[in-house]
Amino acid sequence: MPTAKNNLRRIAAGIALLIAGMLNCFGAVNVKDFGAKGDGANIDSRAINAAIQKVADEGGGTVIIPSGTYLSYSIRMKDHVNLHLETGARLVAAKVTDEFRYDLPEAGPEPQYQDFGHSHWQNSLIWGIGLEYVRISGFGTIDGSNLGNGYSTEALLDGLANKAIAFKDCRNVTIENVTIFKGGHFAILFTGTDGINVSGITIDTNRDGIDIDCCRNVKIIGCSVNSPQDDAIVLKASYALGRLVDTQDVAIIGCNISGYDVGSLLDVTYKMPTSIYLQMGRSSDKTQHKGRIKLGTESSGGFKNVTITGCTFEYSGGLLIESVDGGIVEDIIATNLVMRHCSDSPIFIRLGERMRSPEGTAVGKISRVTISDVISSEGNPSFNCMIAGTPGHPIEDIVLDNIRINTLGGKTTEEALRDIPEAVEKYPDPWLFGSNRDHCLPFSGMMLRHVNRIHIKGLYFSFEEKDSRKLFWIEDVHKAVFESIYSEGRKIKLRK
């Protein structure tokens, strides 16, 4: 008589054989077998695309790019394909010539409500639309030095790609372990995709790192993103799909964010941003190194069920949570964040009325946000923490718990602005309230403006140099609870 244990063994063995058979069905091919040279002189994208098509036609598998330098134009991903860059492999975006160019932008929505780069996907080094079960893996490098940076629409229309990797309307996409250098306007752009896993990658780029737009079921884990000129990891909810779509169910875990000079993360020199003393000292402007984690700016849709935890920020911006185009932002948790040399607000929450959305879209909402266990040291004294709605549209249900903010200080009431503009329609960056080279904001710690139901418990401020400005700017704040507020070790009593 067969025992229960023997039956389990037979079932386990059967499952193992089934899995082995499934894996054997999905073979691996080498791009050199399709004519790729990998010599840094010949164009290899035709061979790479032929290998991808062969694997896709056979039901899926792995396309191996071995060690070497592969000049390439647009690579078109297919269902069930893993593009694997082995150690030593370098996939280089080739220069546009009269003979060769990238795939042109496909027909799509006019960039009326979002940037050109958000409105097209085919004009990329690697792209896929409407795919499922796609992977880009390995310890090789994607070099996008010849990609456009997104500032010139005319150039993009003439066969120049502006993204290293772009996926739209896909399901179950994984990008793991690869390195991206100078990824164009967006090193990675996901739009309308369900099931995203990005893990262990390194990005050292000259504009955005990872953009997640109108997506759900997203995990970004253990990544390092250096992006001194733009955002590092940013969630968006644009109108690029021609309808309102939220970005939701997102986890950003254990990532390192920085704003070192481009390239100095990869060569491990960690060069201090060239103008950091100007930016972090006695003046500030719009060119401070960014490299932050942000929800927004594009926010026709909203952001829901987002967790950000265990991340570090170095010589970069901080955490920004924004709705300015009508999106609903709710159920956001950010915890265990460490920031050093923050170039703008370590915590910035803004509900605005830019309304870059179809006519009739209502002003958005921000509610149920918890930020806890944050340390920010040697930050820019010109900005500080800001939580601001607009008249008649307050931010609601905010919890701040165990927040420690240290800035360089040294500002005076004489150089501070006397008032803070509402700036309801402006682009929502910390500088929108008027801080510039000549004037700083009239508070040294935190602004709370147009806020309902906020609970602050354990908020600690300290300054490298004495700062004579008042600690808080509080205006139109209702149902607030303040517990354990300290400045320079001295307990502050606030009642509202």
# chains A, B, ... in the order shown; residues from 1 in each chain; ligands from 1
$ closest_atom_pairs --of "region 127-219 of chain A" --to "region 53-59 of chain A" --cutoff "12 Å" --atoms "only C-alpha atoms" --output "JSON lines"
{"residue": "A:Leu131", "atom": "CA", "partner": "A:Ala56", "partner_atom": "CA", "distance": 11.2}
{"residue": "A:Glu132", "atom": "CA", "partner": "A:Ala56", "partner_atom": "CA", "distance": 11.5}
{"residue": "A:Tyr133", "atom": "CA", "partner": "A:Ala56", "partner_atom": "CA", "distance": 11.3}
{"residue": "A:Val134", "atom": "CA", "partner": "A:Ala56", "partner_atom": "CA", "distance": 10.7}
$ select_by_dssp --residues "region 80-189 of chain A" --states "strand (DSSP E)" --output "ChimeraX atom specification"
/A:81-85,89-93,126-129,132-138,141-143,163-168,171-176,179-181,186-189
$ write_last_selection --atoms "N, CA and C atoms" --output "CSV table (one decimal), in the first residue's frame"
chain,number,residue,atom,x,y,z
A,81,VAL,N,10.3,36.8,-23.4
A,81,VAL,CA,11.8,36.9,-23.8
A,81,VAL,C,12.5,37.5,-22.6
A,82,ASN,N,13.7,36.9,-22.3
A,82,ASN,CA,14.6,37.5,-21.3
A,82,ASN,C,15.8,38.0,-22.1
A,83,LEU,N,16.1,39.3,-22.1
A,83,LEU,CA,17.3,39.8,-22.7
A,83,LEU,C,18.3,39.9,-21.6
A,84,HIS,N,19.4,39.0,-21.8
A,84,HIS,CA,20.3,38.8,-20.7
A,84,HIS,C,21.7,39.4,-21.1
A,85,LEU,N,22.2,40.4,-20.4
A,85,LEU,CA,23.5,41.0,-20.7
A,85,LEU,C,24.5,40.4,-19.7
A,89,ALA,N,29.3,42.7,-20.9
A,89,ALA,CA,28.5,43.1,-22.1
A,89,ALA,C,28.2,44.6,-21.9
A,90,ARG,N,28.3,45.3,-23.0
A,90,ARG,CA,28.0,46.8,-23.0
A,90,ARG,C,27.1,47.0,-24.2
A,91,LEU,N,25.9,47.3,-24.0
A,91,LEU,CA,25.0,47.7,-25.0
A,91,LEU,C,24.9,49.2,-25.2
A,92,VAL,N,25.4,49.7,-26.3
A,92,VAL,CA,25.7,51.1,-26.5
A,92,VAL,C,24.7,51.7,-27.5
A,93,ALA,N,24.0,52.8,-27.1
A,93,ALA,CA,23.1,53.5,-28.0
A,93,ALA,C,23.9,54.2,-29.0
A,126,ILE,N,15.5,50.3,-26.0
A,126,ILE,CA,14.8,49.1,-25.8
A,126,ILE,C,13.4,49.4,-25.5
A,127,TRP,N,12.4,48.8,-26.2
A,127,TRP,CA,11.0,49.1,-25.9
A,127,TRP,C,10.1,47.9,-26.2
A,128,GLY,N,8.9,48.0,-25.5
A,128,GLY,CA,7.9,47.0,-25.7
A,128,GLY,C,6.5,47.5,-25.4
A,129,ILE,N,5.5,47.1,-26.2
A,129,ILE,CA,4.2,47.6,-26.1
A,129,ILE,C,3.2,46.4,-26.1
A,132,GLU,N,3.8,40.6,-22.4
A,132,GLU,CA,3.7,40.0,-21.1
A,132,GLU,C,4.9,39.1,-20.9
A,133,TYR,N,5.3,38.9,-19.6
A,133,TYR,CA,6.4,38.1,-19.1
A,133,TYR,C,7.7,38.4,-19.9
A,134,VAL,N,8.2,39.6,-19.6
A,134,VAL,CA,9.4,40.1,-20.3
A,134,VAL,C,10.4,40.4,-19.2
A,135,ARG,N,11.7,40.1,-19.5
A,135,ARG,CA,12.8,40.3,-18.5
A,135,ARG,C,14.0,40.9,-19.2
A,136,ILE,N,14.6,41.8,-18.5
A,136,ILE,CA,16.0,42.3,-18.9
A,136,ILE,C,16.8,42.0,-17.7
A,137,SER,N,17.9,41.2,-17.9
A,137,SER,CA,18.7,40.8,-16.7
A,137,SER,C,20.2,40.8,-17.0
A,138,GLY,N,20.9,40.4,-16.0
A,138,GLY,CA,22.4,40.2,-16.2
A,138,GLY,C,23.1,41.4,-15.5
A,141,THR,N,26.0,46.3,-19.0
A,141,THR,CA,25.7,47.8,-18.9
A,141,THR,C,25.0,48.2,-20.2
A,142,ILE,N,24.0,49.1,-20.0
A,142,ILE,CA,23.4,49.8,-21.0
A,142,ILE,C,23.9,51.2,-21.0
A,143,ASP,N,24.5,51.7,-22.1
A,143,ASP,CA,25.1,53.0,-22.2
A,143,ASP,C,24.3,53.8,-23.2
A,163,LYS,N,15.0,57.5,-24.5
A,163,LYS,CA,14.8,56.6,-23.4
A,163,LYS,C,15.7,55.4,-23.5
A,164,ALA,N,16.2,54.9,-22.5
A,164,ALA,CA,17.0,53.7,-22.5
A,164,ALA,C,16.0,52.5,-22.6
A,165,ILE,N,15.0,52.5,-21.8
A,165,ILE,CA,14.1,51.4,-21.7
A,165,ILE,C,12.7,51.9,-21.5
A,166,ALA,N,11.7,51.5,-22.3
A,166,ALA,CA,10.3,52.0,-22.2
A,166,ALA,C,9.4,50.8,-22.5
A,167,PHE,N,8.4,50.6,-21.6
A,167,PHE,CA,7.3,49.6,-21.7
A,167,PHE,C,6.0,50.3,-21.5
A,168,LYS,N,5.0,49.9,-22.4
A,168,LYS,CA,3.7,50.5,-22.2
A,168,LYS,C,2.7,49.3,-22.3
A,171,ARG,N,2.4,43.4,-19.0
A,171,ARG,CA,2.1,42.7,-17.8
A,171,ARG,C,3.3,41.9,-17.4
A,172,ASN,N,3.7,42.0,-16.2
A,172,ASN,CA,4.7,41.1,-15.6
A,172,ASN,C,6.1,41.4,-16.3
A,173,VAL,N,6.7,42.5,-16.0
A,173,VAL,CA,8.0,42.9,-16.5
A,173,VAL,C,9.0,43.0,-15.4
A,174,THR,N,10.2,42.3,-15.6
A,174,THR,CA,11.2,42.3,-14.6
A,174,THR,C,12.5,43.0,-15.2
A,175,ILE,N,13.1,43.8,-14.5
A,175,ILE,CA,14.5,44.4,-14.8
A,175,ILE,C,15.3,44.2,-13.6
A,176,GLU,N,16.4,43.4,-13.8
A,176,GLU,CA,17.2,43.1,-12.6
A,176,GLU,C,18.7,43.2,-12.9
A,179,THR,N,23.1,47.7,-15.3
A,179,THR,CA,23.6,49.0,-15.0
A,179,THR,C,23.2,49.9,-16.2
A,180,ILE,N,22.7,51.1,-15.9
A,180,ILE,CA,22.3,52.0,-17.0
A,180,ILE,C,23.1,53.3,-16.8
A,181,PHE,N,23.8,53.7,-17.8
A,181,PHE,CA,24.6,55.0,-17.8
A,181,PHE,C,24.0,56.0,-18.8
A,186,PHE,N,14.4,59.5,-19.8
A,186,PHE,CA,14.1,58.5,-18.8
A,186,PHE,C,15.0,57.3,-19.0
A,187,ALA,N,15.7,56.9,-18.0
A,187,ALA,CA,16.5,55.7,-18.1
A,187,ALA,C,15.5,54.5,-18.2
A,188,ILE,N,14.4,54.5,-17.4
A,188,ILE,CA,13.4,53.5,-17.5
A,188,ILE,C,12.0,54.2,-17.4
A,189,LEU,N,11.2,53.9,-18.3
A,189,LEU,CA,9.8,54.5,-18.3
A,189,LEU,C,8.8,53.3,-18.4
$ residues_around --residues "region 36-38 of chain A" --least-positions-apart "4" --cutoff "8 Å" --atoms "only C-alpha atoms" --output "ChimeraX atom specification"
/A:31-32,42-45,47-48,67-71
$ write_last_selection --atoms "C-alpha atoms" --output "PDB file, in the first residue's frame"
ATOM      1  CA  VAL A  31      23.254  37.051 -30.423  1.00  0.00           C
ATOM      2  CA  LYS A  32      26.636  36.237 -31.996  1.00  0.00           C
ATOM      3  CA  ASN A  42      29.569  47.381 -36.250  1.00  0.00           C
ATOM      4  CA  ILE A  43      25.857  47.964 -35.650  1.00  0.00           C
ATOM      5  CA  ASP A  44      24.412  44.911 -33.876  1.00  0.00           C
ATOM      6  CA  SER A  45      20.733  45.804 -33.371  1.00  0.00           C
ATOM      7  CA  ALA A  47      21.207  40.682 -35.076  1.00  0.00           C
ATOM      8  CA  ILE A  48      19.824  41.280 -31.580  1.00  0.00           C
ATOM      9  CA  SER A  67      30.912  40.151 -23.155  1.00  0.00           C
ATOM     10  CA  GLY A  68      31.699  42.823 -25.733  1.00  0.00           C
ATOM     11  CA  THR A  69      30.558  46.243 -26.923  1.00  0.00           C
ATOM     12  CA  TYR A  70      27.388  46.236 -29.035  1.00  0.00           C
ATOM     13  CA  LEU A  71      26.360  49.362 -30.923  1.00  0.00           C
TER      14      LEU A  71
END
$ residues_around --residues "Pro273 (chain A)" --least-positions-apart "4" --cutoff "8 Å" --atoms "only C-alpha atoms" --output "ChimeraX atom specification"
/A:228,259-261,289,315
$ residues_around --residues "region 246-249 of chain A" --least-positions-apart "2" --cutoff "8 Å" --atoms "only C-alpha atoms" --output "JSON, numbers by chain"
{"A": [212, 213, 214, 215, 216, 217, 218, 235, 236, 237, 244, 251, 301, 302, 303, 304, 305, 306, 327]}
$ write_last_selection --atoms "C-alpha atoms" --output "PDB file, in the first residue's frame"
ATOM      1  CA  ILE A 212       6.393  54.679 -13.100  1.00  0.00           C
ATOM      2  CA  ASP A 213       3.352  56.174 -14.867  1.00  0.00           C
ATOM      3  CA  CYS A 214      -0.228  54.873 -14.562  1.00  0.00           C
ATOM      4  CA  CYS A 215       0.980  51.492 -13.286  1.00  0.00           C
ATOM      5  CA  ARG A 216       0.032  49.077 -10.535  1.00  0.00           C
ATOM      6  CA  ASN A 217       1.558  46.199  -8.616  1.00  0.00           C
ATOM      7  CA  VAL A 218       5.071  47.644  -8.617  1.00  0.00           C
ATOM      8  CA  LEU A 235       5.683  57.896  -9.620  1.00  0.00           C
ATOM      9  CA  LYS A 236       3.425  59.675 -12.102  1.00  0.00           C
ATOM     10  CA  ALA A 237      -0.185  59.441 -13.247  1.00  0.00           C
ATOM     11  CA  LEU A 244      -7.381  58.967 -16.003  1.00  0.00           C
ATOM     12  CA  ALA A 251       6.620  49.371  -2.832  1.00  0.00           C
ATOM     13  CA  GLY A 301      -4.598  60.379 -11.972  1.00  0.00           C
ATOM     14  CA  GLY A 302      -3.710  59.704  -8.367  1.00  0.00           C
ATOM     15  CA  PHE A 303      -1.397  57.648  -6.169  1.00  0.00           C
ATOM     16  CA  LYS A 304      -2.776  55.007  -3.821  1.00  0.00           C
ATOM     17  CA  ASN A 305      -1.334  52.337  -1.540  1.00  0.00           C
ATOM     18  CA  VAL A 306       2.323  53.332  -1.727  1.00  0.00           C
ATOM     19  CA  GLY A 327      -5.308  63.276  -8.782  1.00  0.00           C
TER      20      GLY A 327
END
$ residues_around --residues "Val329 (chain A)" --least-positions-apart "3" --cutoff "8 Å" --atoms "only C-alpha atoms" --output "ChimeraX atom specification"
/A:302-304,322-323,332,364-367
$ write_last_selection --atoms "C-alpha atoms" --output "mmCIF file, in the first residue's frame"
data_model
loop_
_atom_site.group_PDB
_atom_site.id
_atom_site.type_symbol
_atom_site.label_atom_id
_atom_site.label_comp_id
_atom_site.auth_asym_id
_atom_site.auth_seq_id
_atom_site.Cartn_x
_atom_site.Cartn_y
_atom_site.Cartn_z
ATOM 1 C CA GLY A 302 -3.710 59.704 -8.367
ATOM 2 C CA PHE A 303 -1.397 57.648 -6.169
ATOM 3 C CA LYS A 304 -2.776 55.007 -3.821
ATOM 4 C CA GLU A 322 2.277 66.056 -4.890
ATOM 5 C CA SER A 323 -1.112 66.331 -6.541
ATOM 6 C CA ILE A 332 0.918 56.605 1.598
ATOM 7 C CA GLY A 364 -7.314 66.761 -6.328
ATOM 8 C CA LYS A 365 -6.920 65.584 -2.733
ATOM 9 C CA ILE A 366 -4.124 64.388 -0.475
ATOM 10 C CA SER A 367 -5.027 62.398 2.635
#
$ atom_distance --atom1 "CA of Asp208 (chain A)" --atom2 "CA of Val225 (chain A)"
9.2 Å
$ select_by_dssp --residues "region 136-217 of chain A" --states "helix (DSSP H, G or I)" --output "ChimeraX atom specification"
/A:153-156
$ residues_around --residues "region 415-425 of chain A" --least-positions-apart "2" --cutoff "10 Å" --atoms "only C-alpha atoms" --output "VMD selection string"
chain A and resid 324 to 325 350 to 356 382 388 to 391 411 to 413 427 to 428 432 to 436 438 to 444 447 449 468 to 469 473
$ atom_distance --atom1 "CA of Ala107 (chain A)" --atom2 "CA of Glu359 (chain A)"
22.8 Å
$ closest_residue --among "A:Ser357, A:Asn206, A:Thr193, A:Thr335" --to "Arg243 (chain A)" --atoms "only C-alpha atoms"
A:Ser357
$ closest_residue --among "A:Lys182, A:His341, A:Lys294, A:Arg404" --to "Thr202 (chain A)" --atoms "only C-alpha atoms"
A:Lys182
$ closest_residue --among "A:Asn452, A:Gln122, A:Thr312, A:Ser487" --to "Pro394 (chain A)" --atoms "only C-alpha atoms"
A:Asn452
$ atom_distance --atom1 "CA of Gly296 (chain A)" --atom2 "CA of Gly192 (chain A)"
15.6 Å
$ closest_residue --among "A:Asp230, A:Asp401, A:Asp429, A:Asp33" --to "Ile349 (chain A)" --atoms "only C-alpha atoms"
A:Asp429
$ decode --residues "region 313-347 of chain A" --atoms "C-alpha atoms" --output "PDB file, in the first residue's frame"
ATOM      1  CA  PHE A 313      19.426  60.002   0.118  1.00  0.00           C
ATOM      2  CA  GLU A 314      22.829  61.673  -0.393  1.00  0.00           C
ATOM      3  CA  TYR A 315      23.471  65.104  -1.979  1.00  0.00           C
ATOM      4  CA  SER A 316      19.983  65.034  -3.449  1.00  0.00           C
ATOM      5  CA  GLY A 317      16.467  66.287  -2.966  1.00  0.00           C
ATOM      6  CA  GLY A 318      14.181  64.658  -0.439  1.00  0.00           C
ATOM      7  CA  LEU A 319      10.747  63.039  -0.451  1.00  0.00           C
ATOM      8  CA  LEU A 320       8.064  64.871  -2.478  1.00  0.00           C
ATOM      9  CA  ILE A 321       4.358  63.977  -2.491  1.00  0.00           C
ATOM     10  CA  GLU A 322       2.277  66.056  -4.890  1.00  0.00           C
ATOM     11  CA  SER A 323      -1.112  66.331  -6.541  1.00  0.00           C
ATOM     12  CA  VAL A 324      -1.481  69.376  -8.787  1.00  0.00           C
ATOM     13  CA  ASP A 325      -3.519  68.109 -11.771  1.00  0.00           C
ATOM     14  CA  GLY A 326      -6.584  66.635 -10.050  1.00  0.00           C
ATOM     15  CA  GLY A 327      -5.308  63.276  -8.782  1.00  0.00           C
ATOM     16  CA  ILE A 328      -6.357  61.673  -5.498  1.00  0.00           C
ATOM     17  CA  VAL A 329      -3.389  60.781  -3.279  1.00  0.00           C
ATOM     18  CA  GLU A 330      -4.163  58.550  -0.309  1.00  0.00           C
ATOM     19  CA  ASP A 331      -2.769  55.785   1.864  1.00  0.00           C
ATOM     20  CA  ILE A 332       0.918  56.605   1.598  1.00  0.00           C
ATOM     21  CA  ILE A 333       3.540  55.390   4.087  1.00  0.00           C
ATOM     22  CA  ALA A 334       7.183  56.487   4.091  1.00  0.00           C
ATOM     23  CA  THR A 335       9.417  55.207   6.866  1.00  0.00           C
ATOM     24  CA  ASN A 336      13.050  54.584   7.800  1.00  0.00           C
ATOM     25  CA  LEU A 337      14.581  57.208   5.511  1.00  0.00           C
ATOM     26  CA  VAL A 338      18.066  58.669   5.974  1.00  0.00           C
ATOM     27  CA  MET A 339      19.059  61.872   4.152  1.00  0.00           C
ATOM     28  CA  ARG A 340      22.370  63.729   4.114  1.00  0.00           C
ATOM     29  CA  HIS A 341      23.128  67.076   2.452  1.00  0.00           C
ATOM     30  CA  CYS A 342      19.555  67.465   1.229  1.00  0.00           C
ATOM     31  CA  SER A 343      19.506  70.199  -1.423  1.00  0.00           C
ATOM     32  CA  ASP A 344      15.830  71.108  -0.986  1.00  0.00           C
ATOM     33  CA  SER A 345      12.945  70.103   1.280  1.00  0.00           C
ATOM     34  CA  PRO A 346      13.500  66.768   3.022  1.00  0.00           C
ATOM     35  CA  ILE A 347       9.703  66.470   3.296  1.00  0.00           C
TER      36      ILE A 347
END
